[in-house]
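Only one structure is covered here, and it is reproduced in the block below.
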Amino acid sequence: MRRWGLCVSLLSGAALAYELLLLRLFSIVYPYHLAFLIISLALLGIGASGTFLALTRRWLIRHFPWTFSAFAVAFGLGVAASFAVAQKIPFRPKELPWNLAQAFPLMGIYLTLAVPFFLAGTVVGLALTRFAGESHRIYRFDLLGAGMGALGTILFLEILPPYEGLRLHSGIGLLVAGIGLWALGPGKARIVALLAFMLVPVVPMLWPKQWIEPRPSQFKALSLVLRHPDARILAERWSPMGWLVVVDNPSAPLRYVPGMSLTCTEEPPRQLGVYLDGERLGPITRFQGRLEELSFLDCQTASLPYHLLEQPEVLVLGSGGGMEVLRALYYGARRIDAVEEDPQMVKLVQGAFVDFSGRIYAMDNVKVYTGGMRVFLSRSLRRYDLIQISLEASYRSAGAFQASYHLTLEALQDALSHLRNRGILAITQWAQLPPRQSLRLLLTAVTALERQGIDRPAEHVALIRSWRTTTLLVRREPFRSHEVQKIRDFCTHRAFDLVHLSGMRAEEANRHNRLRNPSYFLGAQALLGEDREEFLQRYKFQIRPVTDQRPFFLHFFRWRTLPEILSLKGRGGMSLLEWTYPLLGAALIVAMASGAVLILLPLAFIRRRERADNVVRSGALVVFFLSLGVGFLFLEMAFFQRFILYLGHPVLSASVVISTFLIFAGAGSGWSRRWRALFEKRARSRSPMDIPAAALGILIWAILLLVGLPHFFRWTLGFPLFLRMGMGVLLIAPLGFFMGMPFPLGLERLAPVSVKHIPWAWGINGCASVVATILASLLALQVGFQGVILSAMAMYGMAAGASLFLTKNPPG
């Protein structure tokens with residue numbers, strides 16, 4: 001039993017590692033939201049494995065050791081092969097909005113990537129069916145292996161590129177087959193096992209690098225830059241946080257000065273382009289110690305706050321390649337604290353390009369910190385004259401359904417609390433038409449000021465724009481008259497436009513970078529006036545402030561605007577459509593339809609073979625295992641997203657939250673038989689209350705986290721990272737422990753009366769997990785993480801009720 005349990009652990013860990021590696025690799029190939037959807041739907045392969053097992057169970061179990069090992073080897077070989085084939089499929093994601101023919105190659109990618117998940121699901125489902133009486137132990141090995149796979153993948157990505165992980169999977173499949181067959185004793189099985197062991201180190205080396213190395217889509221910025229014959233990659237760094245690439249082009253020099261005034265005659269020094277996962281992140285600018293070389297920075301909207309302050313102490317959030325640090329140096333800042341999330345970015349500036357960058361991160365008045373921006377604010381007791389949130393920081397986690405806590409209402413309140421009395425918070429963003437980000441940010445800042453008791457917030461904010469960027473200034477004290485005049489002069493001399501300024505007249509708006517109508521100005525006036533609520537209701541995009549419970553700053557979609565945008569398809573209107581939401585909806589429909597087929601197909605087969613005295617209620621079984629799958633993923637995803645704020649980065653959140661959930665759920669599964677015995681002992685017979693009691697434990701702990709987590713985060717966010725990680729484990733572990741019990745307890749209800757239902761239950765649970773992954777994202781966008789957690793609690797309540805009716809003669 002332990003031997004097969006070890007095999008299940010290895011395969012489950014490899015399957016979860018494969019999922020994480022695919023997400024990392026396809027985030028390079030395609031936009032993140034598309035990579036997420038591709039992998040989510042590919043997970044339907046696990047649901048398909050349950051259907052396959054339900055239809056072929058007898059033959060597969062009869063030849064169990066050999067079928068188990070064969071599927072394990074096929075999984076290992078299929079991991080690298082599926083990715084290599086998927087990259088060969090000619091899919092152009094940018095054409096999807098207007099060319100529905102692109103749905104066919106997209107479906108081909110789904111099906112190709114689903115094959116390894118199908119094979120891994122078949123291996124685990126075979127073990128659950130073969131050892132039906134010990135399902136709690138098999139499920140424990142499954143979850144423990146998955147948890148260790150999640151943690152191991154994060155550690156692996158710190159050392160090697162993700163495509164190297166695909167190689168290793170080939171060896172894992174052979175290793176599992178060798179372990180399984182070796183114990184059958186002398187003979188053919190042991191010869192095959194010995195051959196498998198010998199091939200473990202050989203097969204991974206056979207995959208050519210060009211087959212499995214990710215190739216960014218032709219529409220990604222890096223691909224476009226590298227088309228030039230003289231463009232070359234100077235450095236690249238792999239880490240769990242992404243793929244950093246530094247590019248140079250001597251014959252066509254990079255010019256990265258976002259929103260530069262059209263009247264500016266200054267030129268920037270030589271710059272190197274930095275790209276994260278194939279998308280432009282920012283530059284590393286050459287600095288040789290002469291401040292006059294940086295005069296081009298005065299031509300950007302981001303320089304406005306320096307014209308209101310003298311020798312300020314500055315905090316730069318999102319320092320990246322150092323452009324904002326150079327800006328602060330140019331204007332004579334006394335002290336500069338720079339915070340950067342990605343340690344690899346800091347190492348590039350301080351290491352490979354230290355001389356090129358002028359050693360700016362090693363200067364006496366510059367201090368560099370790596371880690372989460374909100375974490376730094378919680379730990380710092382210092383107050384600043386200027387806090388600058390860089391353009392790169394605003395878009396580091398760009399994506400409508402990616403949680404980003406940099407620009408939430410609570411984030412702006414934290415930043416304002418770290419300003420001196422006359423200090424300024426400055427945030428630069430890309431300009432959009434119709435305006436969305438700038439208006440949402442303005443409203444967020446105004447709301448933060450109002451919550452601090454400021455009655456006339458319009459006097460505390462200023463917003464300007466160029467042809468490409470906007471910059472917002474926020475202050476706890478009103479801007480004085482001479483400061484208002486300085487802002488006017490700054491804009492006039494550089495041909496920037498005022499969007500909002502205290503005492504501003506309507507004719508001052510839309511002067512230089514003229515729009516057909518002054519939509520920025522009109523939107524700002526509405527948000528700062530008495531008709532704010534009416535404007536928010538009728539505006540075509542959702543621009544209300546985002547909070548830590550719904551930290552999706554780039555989500556503006558409203559369903560009622562969809563018909564109007566589609567009607568403008570022939571006139572370029574599709575660029576206005578935020579495709580994440582419709583794609584999530586379409587993916588959910590596909591997942592539900594596919595799941596329904598995979599669930600109902602075995603039901604017809606099982607009913608044909610049922611005896612008259614069958615005691616399993618199929619409806620209750622579907623509700624029970626479907627609710628468990630949805631509830632488990634809802635809780636896992638909601639707390640993973642919430643802990644991004646607490647731990648400072650999605651990678652750290654994944655390593656702590658997902659691995660803790662799975663490992664302690666495995667411990668709960670292993671303890672589930674003792675849990676059942678407690679109730680049998682008290683009832684002196686088999687009791688039906690073991691599953692409802694476990695569900696009650698889940699509900700109680702989920703409520704405690706739902707209510708207490710925001711306060712706990714606020715009190716302990718400034719603690720050292722190792723303490724926060726430890727406390728995260730302690731908070732999640734009890735919930736994970738209880739979540740690991742209902743599934744094996746349900747299987748043990750089925751095992752004595754109908755083994756044929758076990759693979760079906762496994763498939764239902766797998767289909768539910770796919771639907772839950774997509775549905776949780778939609779719910780988080782619509783109702784926030786609290787709504788997702790409450791929905792999960794409802795799912796476990798349904799599962800508890802259905803558990804009482806799994807059989808026609810309930811136990812007890």
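Quick note on naming: the chains in the structure tokens go A, B, ... in the order shown, residues restart at 1 in each chain, and ligands are numbered from 1 in order of appearance.
Near Ile89 of chain A, within 12 Å and counting only C-alpha atoms, sit Ser82, Phe83, Ala84, Val85, Ala86, Arg92, Pro93, Gln102, Ala103, Phe104, Pro105, Leu106, Met107, Gly108, Ile109, Tyr110, Leu111, Thr112, Leu113 and Ser217 of chain A; same-chain residues fewer than 3 positions away were not included.
Proximity to Gln641 of chain A at 9 Å, evaluated using only C-alpha atoms and with sequence-adjacent residues fewer than 5 positions away removed, yields Gln402, Ala403, Glu636, Pro650, Ser653, Ala654 and Phe785 of chain A.
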Practice task
Find the residues near segment 440-448 of chain A: any atom within 9 Å, counting only C-alpha atoms, skip ones fewer than 6 places away on the same chain, and give them as a PyMOL selection string.
Solution key: chain A and resi 407-410+412-413+416+427+457-458+460-463+472+474+524+527-528+542-546+553
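Across A:Cys264, A:Leu317, A:Ala15, A:Leu419, the tightest approach to Gln388 of chain A is made by A:Leu317 when counting only C-alpha atoms.
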Handout entry: Sel. of strand (DSSP E or B) residues, segment 340-559 of chain A, as an NGL selection string
Key = :A and (340 or 366-370 or 384-389 or 419-430 or 461-465 or 469-474 or 497-500 or 509 or 547 or 550)
Problem - Backbone DSSP call of helix (DSSP H, G or I) for segment 433-678 of chain A, listed as number ranges by chain - result: A: 437-451, 457-460, 481-494, 506-508, 519-528, 532-538, 559-567, 569-571, 573-576, 580-609, 618-647, 650-678
Exercise for the section: Would you mind listing what lies within 8 Å of segment 703-716 of chain A as a ChimeraX atom specification, with only C-alpha atoms counted and same-chain residues fewer than 2 positions away left out? Expected result: /A:646,699-701,718-719,724,731,786,789
Handout entry: Near-segment 273-275 of chain A list (9 Å; only C-alpha atoms; drop same-chain fewer than 3 positions) as a list in words
Key = Ala221, Leu222, Trp243, Leu244, Val245, Val246, Val247, Asp248, Leu254, Arg255, Tyr256, Gly278, Glu279, Arg280, Leu281, Gly282, Pro283, Ile284, Thr285 and Gly321 of chain A
Exercise for the section: Measuring atom to atom with only C-alpha atoms, identify which of A:Lys220, A:His169, A:Arg3, A:His63 is nearest to Trp182 of chain A. Expected result: A:Arg3
